[in-house]
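As structure tokens, the structure follows; a few thoughts come after it.
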Protein chains: 2
Amino acid sequence: MGKDFSSKTPIYLQIIQHICSQIIRGDLQPGEKLPSVREMALKMGVNPNTIQRVYMELERESLAEARRGQGTFVTENRDRLQQLRLDLKHDRIKTFIADMTEMGFTTEEISLGLVEYFAKSLNEGDK
Amino acid sequence: MGKDFSSKTPIYLQIIQHICSQIIRGDLQPGEKLPSVREMALKMGVNPNTIQRVYMELERESLAEARRGQGTFVTENRDRLQQLRLDLKHDRIKTFIADMTEMGFTTEEISLGLVEYFAKSLNEGDK
DNA sequence: CTAACTGTACTATTACCTTATAACACTAAT
DNA sequence: ATTAGTGTTATAAGGTAATAGTACAGTTAG
């Protein structure tokens, strides 16, 4: 179970991204316990040290709290989670637009490209 | 002059991205000579070996051709460049949508976010 | 208390990225 | 032929990411 990591980004960053997604989607509720370091390592097919680093980062960003002997828990600070959601949304949009602009794509080209992509997705979903 | 690299991605990949942008924007024309390995290294504030790897990658992807004793040149294959442009556009859009979707943002939320971002950009451009 | 589970810390090893430095091979101009 | 500029190759060193393995520290259930 579970290893499909891109080689171009450190695994620990990819796992952080994955957990952040689960949190802002609500799959992981505020206060909910995360799997233990060892358990998560097994689940993700990765070394416990890597998960340790992930949890450390999540704690540093006030997204999780670690309690020795008990586990690591999603923060109960709902304001922080709402902020995370908005931050991530804005950040991804900003990066995307900056990227496309640097490559010389016009606003219209980007807009058309997105519409085109959605149309294609729908067709493939019909199969 | 010239060093503002993100620590999260290998420098050589960032430089490749930068050169690709220049190529598809037309800042670098088909057949045009790229700066020599040593010159580009100086310009980017980076070790020649790193540029060597960049040029090697560009050649591997048929975007440039190296001629010993002469230099490295953008490919003259315009079809390949057009293909690159479309590939990059599609790839960025795909990644962006996949990312946003994984985080649970709806199509409308994405669309609204983009419009909002453009509006904000315009305001800041007025200063 | 004991056992089993948690987070935490450390060493060692491997691989990749980057730098520093030097040399080699080819081309063009003088 | 010499020189200068090109791509190319090689070695050594340092940093980070990830792995493997071990041990320590705190909590909880029995």
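Residues in the structure tokens are numbered from 1 in each chain, the chains being A, B, ... in the order shown, and ligands are numbered from 1 in the order shown.
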
Backbone-only DSSP, strand (DSSP E) members of segment 28-94 of chain B, as a PyMOL selection string: chain B and resi 64-67+71-74

Residues just named, written with C-alpha atoms as a short mmCIF file (atom, residue, chain, number, x, y, z; two decimals), in the first residue's frame:
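Here's the written file part-v7.cif:
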```
data_model
loop_
_atom_site.label_atom_id
_atom_site.label_comp_id
_atom_site.auth_asym_id
_atom_site.auth_seq_id
_atom_site.Cartn_x
_atom_site.Cartn_y
_atom_site.Cartn_z
CA ALA B 64 18.92 22.45 -27.93
CA GLU B 65 21.92 21.12 -29.81
CA ALA B 66 25.50 21.31 -28.56
CA ARG B 67 28.35 21.70 -31.03
CA GLY B 71 28.39 26.51 -28.56
CA THR B 72 24.90 25.34 -27.66
CA PHE B 73 22.01 26.38 -29.87
CA VAL B 74 18.23 26.39 -29.61
#
```

Chain B fitted onto chain A, all C-alpha pairs in order, as a tab-separated table (two decimals) with N, CA and C atoms, in the first residue's frame:
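Saved to superposed_2.tsv:
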```
chain	number	residue	atom	x	y	z
B	1	MET	N	0.70	-1.28	-0.08
B	1	MET	CA	-0.09	-0.03	-0.09
B	1	MET	C	0.84	1.18	-0.04
B	2	GLY	N	0.55	2.14	-0.86
B	2	GLY	CA	0.99	3.50	-0.69
B	2	GLY	C	2.44	3.88	-0.91
B	3	LYS	N	2.89	3.89	-2.15
B	3	LYS	CA	4.04	4.75	-2.46
B	3	LYS	C	4.00	5.16	-3.92
B	4	ASP	N	3.70	6.42	-4.13
B	4	ASP	CA	3.70	6.98	-5.48
B	4	ASP	C	4.15	8.42	-5.36
B	5	PHE	N	5.44	8.56	-5.02
B	5	PHE	CA	5.96	9.90	-4.80
B	5	PHE	C	6.74	10.39	-6.01
B	6	SER	N	6.57	11.65	-6.30
B	6	SER	CA	7.37	12.26	-7.35
B	6	SER	C	8.81	12.36	-6.88
B	7	SER	N	9.74	12.15	-7.80
B	7	SER	CA	11.15	12.21	-7.41
B	7	SER	C	11.65	13.64	-7.36
B	8	LYS	N	10.83	14.57	-7.85
B	8	LYS	CA	11.31	15.94	-7.98
B	8	LYS	C	11.10	16.78	-6.73
B	9	THR	N	10.35	16.24	-5.78
B	9	THR	CA	10.09	16.98	-4.54
B	9	THR	C	10.34	16.04	-3.36
B	10	PRO	N	10.97	16.53	-2.31
B	10	PRO	CA	11.21	15.70	-1.13
B	10	PRO	C	9.92	15.03	-0.66
B	11	ILE	N	10.04	13.76	-0.28
B	11	ILE	CA	8.87	13.00	0.14
B	11	ILE	C	8.16	13.67	1.30
B	12	TYR	N	8.93	14.17	2.24
B	12	TYR	CA	8.29	14.75	3.43
B	12	TYR	C	7.40	15.94	3.08
B	13	LEU	N	7.77	16.70	2.05
B	13	LEU	CA	6.94	17.82	1.61
B	13	LEU	C	5.67	17.31	0.93
B	14	GLN	N	5.78	16.22	0.17
B	14	GLN	CA	4.62	15.66	-0.50
B	14	GLN	C	3.62	15.13	0.52
B	15	ILE	N	4.14	14.54	1.59
B	15	ILE	CA	3.25	14.01	2.62
B	15	ILE	C	2.58	15.15	3.38
B	16	ILE	N	3.35	16.21	3.65
B	16	ILE	CA	2.76	17.38	4.29
B	16	ILE	C	1.60	17.91	3.44
B	17	GLN	N	1.84	18.02	2.16
B	17	GLN	CA	0.81	18.50	1.24
B	17	GLN	C	-0.43	17.60	1.31
B	18	HIS	N	-0.19	16.31	1.35
B	18	HIS	CA	-1.28	15.35	1.37
B	18	HIS	C	-2.12	15.50	2.64
B	19	ILE	N	-1.44	15.64	3.77
B	19	ILE	CA	-2.15	15.78	5.04
B	19	ILE	C	-2.89	17.12	5.10
B	20	CYS	N	-2.24	18.17	4.60
B	20	CYS	CA	-2.90	19.48	4.57
B	20	CYS	C	-4.19	19.40	3.76
B	21	SER	N	-4.14	18.70	2.65
B	21	SER	CA	-5.34	18.54	1.82
B	21	SER	C	-6.44	17.87	2.62
B	22	GLN	N	-6.09	16.81	3.33
B	22	GLN	CA	-7.08	16.09	4.13
B	22	GLN	C	-7.68	16.99	5.21
B	23	ILE	N	-6.83	17.84	5.76
B	23	ILE	CA	-7.30	18.73	6.83
B	23	ILE	C	-8.29	19.77	6.29
B	24	ILE	N	-7.93	20.44	5.21
B	24	ILE	CA	-8.81	21.50	4.74
B	24	ILE	C	-10.03	20.92	4.03
B	25	ARG	N	-9.96	19.65	3.61
B	25	ARG	CA	-11.17	19.03	3.05
B	25	ARG	C	-12.10	18.59	4.17
B	26	GLY	N	-11.57	18.50	5.39
B	26	GLY	CA	-12.39	18.07	6.51
B	26	GLY	C	-12.32	16.57	6.73
B	27	ASP	N	-11.53	15.88	5.92
B	27	ASP	CA	-11.32	14.45	6.14
B	27	ASP	C	-10.66	14.22	7.49
B	28	LEU	N	-9.87	15.19	7.88
B	28	LEU	CA	-9.29	15.16	9.23
B	28	LEU	C	-9.88	16.34	10.00
B	29	GLN	N	-10.62	16.04	11.05
B	29	GLN	CA	-11.30	17.08	11.81
B	29	GLN	C	-10.37	17.71	12.85
B	30	PRO	N	-10.66	18.94	13.26
B	30	PRO	CA	-9.89	19.58	14.34
B	30	PRO	C	-9.90	18.70	15.58
B	31	GLY	N	-8.76	18.50	16.18
B	31	GLY	CA	-8.65	17.70	17.39
B	31	GLY	C	-8.50	16.20	17.12
B	32	GLU	N	-8.70	15.80	15.87
B	32	GLU	CA	-8.60	14.37	15.54
B	32	GLU	C	-7.16	13.88	15.65
B	33	LYS	N	-7.01	12.64	16.06
B	33	LYS	CA	-5.68	12.06	16.22
B	33	LYS	C	-5.14	11.56	14.89
B	34	LEU	N	-3.93	11.92	14.62
B	34	LEU	CA	-3.28	11.38	13.42
B	34	LEU	C	-2.72	10.00	13.75
B	35	PRO	N	-2.50	9.16	12.74
B	35	PRO	CA	-1.84	7.87	12.99
B	35	PRO	C	-0.48	8.12	13.65
B	36	SER	N	-0.04	7.18	14.46
B	36	SER	CA	1.26	7.34	15.11
B	36	SER	C	2.37	7.40	14.07
B	37	VAL	N	3.50	7.89	14.47
B	37	VAL	CA	4.64	8.01	13.58
B	37	VAL	C	4.92	6.69	12.86
B	38	ARG	N	4.98	5.61	13.65
B	38	ARG	CA	5.32	4.31	13.06
B	38	ARG	C	4.21	3.79	12.15
B	39	GLU	N	2.97	4.00	12.59
B	39	GLU	CA	1.82	3.54	11.82
B	39	GLU	C	1.74	4.26	10.48
B	40	MET	N	1.89	5.59	10.54
B	40	MET	CA	1.82	6.38	9.31
B	40	MET	C	2.97	6.00	8.37
B	41	ALA	N	4.13	5.73	8.96
B	41	ALA	CA	5.28	5.33	8.15
B	41	ALA	C	4.96	4.06	7.36
B	42	LEU	N	4.31	3.13	8.04
B	42	LEU	CA	3.93	1.87	7.40
B	42	LEU	C	2.92	2.14	6.29
B	43	LYS	N	1.93	2.93	6.63
B	43	LYS	CA	0.84	3.26	5.70
B	43	LYS	C	1.36	3.93	4.44
B	44	MET	N	2.36	4.82	4.60
B	44	MET	CA	2.87	5.56	3.45
B	44	MET	C	4.07	4.86	2.81
B	45	GLY	N	4.50	3.75	3.39
B	45	GLY	CA	5.64	3.04	2.82
B	45	GLY	C	6.92	3.84	2.90
B	46	VAL	N	7.18	4.38	4.08
B	46	VAL	CA	8.25	5.36	4.26
B	46	VAL	C	8.88	5.15	5.62
B	47	ASN	N	10.06	5.67	5.82
B	47	ASN	CA	10.75	5.52	7.09
B	47	ASN	C	10.13	6.40	8.19
B	48	PRO	N	10.05	5.86	9.42
B	48	PRO	CA	9.48	6.64	10.53
B	48	PRO	C	10.12	8.02	10.70
B	49	ASN	N	11.42	8.10	10.45
B	49	ASN	CA	12.09	9.40	10.58
B	49	ASN	C	11.48	10.44	9.66
B	50	THR	N	11.09	10.00	8.47
B	50	THR	CA	10.50	10.92	7.51
B	50	THR	C	9.16	11.45	8.04
B	51	ILE	N	8.36	10.56	8.63
B	51	ILE	CA	7.08	10.99	9.21
B	51	ILE	C	7.32	11.91	10.40
B	52	GLN	N	8.33	11.57	11.18
B	52	GLN	CA	8.69	12.42	12.32
B	52	GLN	C	8.93	13.85	11.86
B	53	ARG	N	9.63	13.96	10.75
B	53	ARG	CA	9.91	15.31	10.22
B	53	ARG	C	8.62	15.98	9.75
B	54	VAL	N	7.74	15.21	9.15
B	54	VAL	CA	6.46	15.74	8.70
B	54	VAL	C	5.68	16.31	9.88
B	55	TYR	N	5.57	15.52	10.95
B	55	TYR	CA	4.80	15.95	12.12
B	55	TYR	C	5.44	17.17	12.78
B	56	MET	N	6.76	17.18	12.77
B	56	MET	CA	7.48	18.31	13.34
B	56	MET	C	7.13	19.59	12.58
B	57	GLU	N	7.11	19.47	11.26
B	57	GLU	CA	6.78	20.63	10.42
B	57	GLU	C	5.35	21.09	10.67
B	58	LEU	N	4.43	20.13	10.74
B	58	LEU	CA	3.02	20.46	10.97
B	58	LEU	C	2.87	21.19	12.30
B	59	GLU	N	3.64	20.77	13.29
B	59	GLU	CA	3.58	21.43	14.59
B	59	GLU	C	4.16	22.84	14.51
B	60	ARG	N	5.26	22.95	13.77
B	60	ARG	CA	5.91	24.26	13.62
B	60	ARG	C	4.96	25.27	12.98
B	61	GLU	N	4.07	24.76	12.12
B	61	GLU	CA	3.13	25.64	11.43
B	61	GLU	C	1.79	25.72	12.17
B	62	SER	N	1.78	25.23	13.40
B	62	SER	CA	0.57	25.31	14.23
B	62	SER	C	-0.62	24.59	13.61
B	63	LEU	N	-0.34	23.53	12.87
B	63	LEU	CA	-1.43	22.75	12.28
B	63	LEU	C	-1.68	21.48	13.09
B	64	ALA	N	-0.74	21.10	13.93
B	64	ALA	CA	-0.90	19.90	14.74
B	64	ALA	C	-0.18	20.11	16.08
B	65	GLU	N	-0.58	19.29	17.05
B	65	GLU	CA	0.09	19.34	18.35
B	65	GLU	C	0.48	17.92	18.73
B	66	ALA	N	1.71	17.75	19.17
B	66	ALA	CA	2.20	16.42	19.57
B	66	ALA	C	2.15	16.32	21.09
B	67	ARG	N	1.60	15.19	21.57
B	67	ARG	CA	1.60	14.95	23.02
B	67	ARG	C	2.30	13.63	23.29
B	68	ARG	N	3.41	13.76	23.97
B	68	ARG	CA	4.27	12.61	24.25
B	68	ARG	C	3.46	11.50	24.91
B	69	GLY	N	3.56	10.32	24.35
B	69	GLY	CA	2.87	9.18	24.93
B	69	GLY	C	1.42	9.04	24.50
B	70	GLN	N	0.88	10.09	23.85
B	70	GLN	CA	-0.52	10.03	23.43
B	70	GLN	C	-0.68	10.00	21.92
B	71	GLY	N	0.03	10.91	21.27
B	71	GLY	CA	-0.11	10.95	19.82
B	71	GLY	C	0.01	12.36	19.29
B	72	THR	N	-0.24	12.51	18.00
B	72	THR	CA	-0.22	13.83	17.37
B	72	THR	C	-1.62	14.15	16.87
B	73	PHE	N	-2.08	15.35	17.17
B	73	PHE	CA	-3.47	15.72	16.91
B	73	PHE	C	-3.58	16.97	16.04
B	74	VAL	N	-4.58	16.98	15.18
B	74	VAL	CA	-4.87	18.18	14.40
B	74	VAL	C	-5.24	19.29	15.38
B	75	THR	N	-4.75	20.49	15.11
B	75	THR	CA	-5.05	21.61	15.99
B	75	THR	C	-6.56	21.84	16.07
B	76	GLU	N	-7.01	22.37	17.20
B	76	GLU	CA	-8.43	22.66	17.35
B	76	GLU	C	-8.72	24.12	17.04
B	77	ASN	N	-7.68	24.82	16.66
B	77	ASN	CA	-7.82	26.24	16.31
B	77	ASN	C	-8.43	26.36	14.91
B	78	ARG	N	-9.72	26.53	14.85
B	78	ARG	CA	-10.42	26.55	13.56
B	78	ARG	C	-10.05	27.77	12.72
B	79	ASP	N	-9.71	28.86	13.39
B	79	ASP	CA	-9.28	30.04	12.64
B	79	ASP	C	-8.02	29.74	11.85
B	80	ARG	N	-7.11	29.02	12.50
B	80	ARG	CA	-5.86	28.67	11.82
B	80	ARG	C	-6.14	27.80	10.60
B	81	LEU	N	-7.11	26.90	10.72
B	81	LEU	CA	-7.43	26.00	9.60
B	81	LEU	C	-8.09	26.77	8.46
B	82	GLN	N	-8.96	27.70	8.82
B	82	GLN	CA	-9.59	28.52	7.79
B	82	GLN	C	-8.53	29.36	7.08
B	83	GLN	N	-7.62	29.88	7.87
B	83	GLN	CA	-6.52	30.67	7.31
B	83	GLN	C	-5.68	29.82	6.36
B	84	LEU	N	-5.41	28.58	6.78
B	84	LEU	CA	-4.64	27.66	5.93
B	84	LEU	C	-5.32	27.46	4.59
B	85	ARG	N	-6.63	27.25	4.66
B	85	ARG	CA	-7.40	27.03	3.44
B	85	ARG	C	-7.28	28.21	2.48
B	86	LEU	N	-7.45	29.41	3.01
B	86	LEU	CA	-7.36	30.60	2.16
B	86	LEU	C	-5.94	30.81	1.65
B	87	ASP	N	-4.97	30.61	2.53
B	87	ASP	CA	-3.57	30.78	2.15
B	87	ASP	C	-3.21	29.85	0.99
B	88	LEU	N	-3.58	28.58	1.13
B	88	LEU	CA	-3.23	27.61	0.10
B	88	LEU	C	-3.91	27.95	-1.22
B	89	LYS	N	-5.18	28.32	-1.13
B	89	LYS	CA	-5.90	28.68	-2.36
B	89	LYS	C	-5.20	29.84	-3.06
B	90	HIS	N	-4.96	30.89	-2.31
B	90	HIS	CA	-4.32	32.07	-2.89
B	90	HIS	C	-2.94	31.76	-3.44
B	91	ASP	N	-2.21	30.97	-2.69
B	91	ASP	CA	-0.84	30.65	-3.08
B	91	ASP	C	-0.80	29.87	-4.40
B	92	ARG	N	-1.67	28.87	-4.52
B	92	ARG	CA	-1.68	28.07	-5.74
B	92	ARG	C	-2.08	28.90	-6.94
B	93	ILE	N	-3.08	29.74	-6.74
B	93	ILE	CA	-3.52	30.60	-7.84
B	93	ILE	C	-2.40	31.55	-8.25
B	94	LYS	N	-1.78	32.14	-7.28
B	94	LYS	CA	-0.70	33.10	-7.56
B	94	LYS	C	0.43	32.45	-8.34
B	95	THR	N	0.84	31.28	-7.87
B	95	THR	CA	1.94	30.56	-8.52
B	95	THR	C	1.56	30.18	-9.95
B	96	PHE	N	0.33	29.68	-10.09
B	96	PHE	CA	-0.14	29.25	-11.41
B	96	PHE	C	-0.11	30.42	-12.40
B	97	ILE	N	-0.69	31.54	-12.00
B	97	ILE	CA	-0.74	32.70	-12.89
B	97	ILE	C	0.66	33.24	-13.18
B	98	ALA	N	1.49	33.28	-12.16
B	98	ALA	CA	2.86	33.77	-12.36
B	98	ALA	C	3.60	32.90	-13.37
B	99	ASP	N	3.43	31.60	-13.21
B	99	ASP	CA	4.05	30.63	-14.11
B	99	ASP	C	3.60	30.84	-15.55
B	100	MET	N	2.30	30.87	-15.73
B	100	MET	CA	1.73	31.00	-17.08
B	100	MET	C	2.14	32.33	-17.71
B	101	THR	N	2.13	33.38	-16.90
B	101	THR	CA	2.49	34.70	-17.40
B	101	THR	C	3.95	34.74	-17.82
B	102	GLU	N	4.81	34.11	-17.02
B	102	GLU	CA	6.23	34.11	-17.35
B	102	GLU	C	6.47	33.40	-18.68
B	103	MET	N	5.61	32.42	-18.97
B	103	MET	CA	5.77	31.68	-20.23
B	103	MET	C	5.11	32.42	-21.40
B	104	GLY	N	4.53	33.58	-21.11
B	104	GLY	CA	4.01	34.41	-22.18
B	104	GLY	C	2.58	34.10	-22.59
B	105	PHE	N	1.86	33.36	-21.77
B	105	PHE	CA	0.47	33.09	-22.10
B	105	PHE	C	-0.40	34.27	-21.69
B	106	THR	N	-1.30	34.68	-22.56
B	106	THR	CA	-2.17	35.80	-22.24
B	106	THR	C	-3.30	35.33	-21.32
B	107	THR	N	-3.98	36.29	-20.72
B	107	THR	CA	-5.11	35.99	-19.85
B	107	THR	C	-6.16	35.16	-20.59
B	108	GLU	N	-6.40	35.56	-21.84
B	108	GLU	CA	-7.41	34.85	-22.62
B	108	GLU	C	-6.97	33.41	-22.90
B	109	GLU	N	-5.71	33.26	-23.20
B	109	GLU	CA	-5.19	31.93	-23.49
B	109	GLU	C	-5.34	31.02	-22.27
B	110	ILE	N	-5.06	31.58	-21.11
B	110	ILE	CA	-5.20	30.82	-19.86
B	110	ILE	C	-6.65	30.44	-19.64
B	111	SER	N	-7.51	31.43	-19.78
B	111	SER	CA	-8.94	31.21	-19.57
B	111	SER	C	-9.46	30.14	-20.52
B	112	LEU	N	-9.12	30.28	-21.80
B	112	LEU	CA	-9.54	29.30	-22.80
B	112	LEU	C	-9.00	27.92	-22.48
B	113	GLY	N	-7.75	27.88	-22.08
B	113	GLY	CA	-7.12	26.61	-21.75
B	113	GLY	C	-7.85	25.89	-20.63
B	114	LEU	N	-8.28	26.66	-19.64
B	114	LEU	CA	-8.99	26.07	-18.51
B	114	LEU	C	-10.34	25.51	-18.95
B	115	VAL	N	-11.07	26.30	-19.71
B	115	VAL	CA	-12.38	25.86	-20.20
B	115	VAL	C	-12.22	24.58	-21.02
B	116	GLU	N	-11.25	24.61	-21.90
B	116	GLU	CA	-10.95	23.46	-22.75
B	116	GLU	C	-10.66	22.22	-21.91
B	117	TYR	N	-9.87	22.42	-20.85
B	117	TYR	CA	-9.49	21.30	-20.01
B	117	TYR	C	-10.70	20.70	-19.30
B	118	PHE	N	-11.57	21.57	-18.81
B	118	PHE	CA	-12.77	21.09	-18.12
B	118	PHE	C	-13.66	20.32	-19.08
B	119	ALA	N	-13.81	20.84	-20.29
B	119	ALA	CA	-14.63	20.17	-21.30
B	119	ALA	C	-14.10	18.77	-21.55
B	120	LYS	N	-12.81	18.68	-21.69
B	120	LYS	CA	-12.18	17.38	-21.95
B	120	LYS	C	-12.40	16.42	-20.78
B	121	SER	N	-12.29	16.97	-19.56
B	121	SER	CA	-12.50	16.15	-18.37
B	121	SER	C	-13.89	15.55	-18.35
B	122	LEU	N	-14.87	16.36	-18.72
B	122	LEU	CA	-16.25	15.89	-18.72
B	122	LEU	C	-16.42	14.74	-19.71
B	123	ASN	N	-15.87	14.90	-20.91
B	123	ASN	CA	-15.96	13.84	-21.91
B	123	ASN	C	-15.39	12.53	-21.40
B	124	GLU	N	-14.24	12.63	-20.75
B	124	GLU	CA	-13.61	11.41	-20.26
B	124	GLU	C	-14.40	10.80	-19.12
B	125	GLY	N	-15.11	11.66	-18.37
B	125	GLY	CA	-15.92	11.15	-17.28
B	125	GLY	C	-17.13	10.38	-17.77
B	126	ASP	N	-17.47	10.54	-19.06
B	126	ASP	CA	-18.67	9.90	-19.62
B	126	ASP	C	-18.47	8.43	-19.97
B	127	LYS	N	-17.23	8.03	-20.02
B	127	LYS	CA	-16.93	6.68	-20.49
B	127	LYS	C	-17.62	5.58	-19.69
```

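Counting only C-alpha atoms (C1' of nucleotides), every residue of chain D that comes within 8 Å of chain B is listed here: DG5, DT6 and DG7 of chain D.
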
I need the residues from that last selection saved to file as a PDB file, in the first residue's frame (with C-alpha atoms (C1' of nucleotides)), if you can.
```pdb
ATOM      1  C1'  DG D   5      36.724  30.119 -26.905  1.00  0.00           C
ATOM      2  C1'  DT D   6      33.649  26.268 -27.050  1.00  0.00           C
ATOM      3  C1'  DG D   7      31.592  21.552 -25.082  1.00  0.00           C
TER       4       DG D   7
END
```

Interface list for chain C, partner chain B, 7 Å threshold, only C-alpha atoms (C1' of nucleotides), as number ranges by chain: C: 17, 19, 26-27

Surrounding residues of DT11 of chain C excluding itself and chain neighbours under 5 positions, 12 Å, only C-alpha atoms (C1' of nucleotides), as a count of residues only: 4

Chain B: residues DSSP assigns to alpha helix (DSSP H), reported as a VMD selection string: chain B and resid 11 to 25 37 to 44 48 to 60 78 to 102 107 to 125
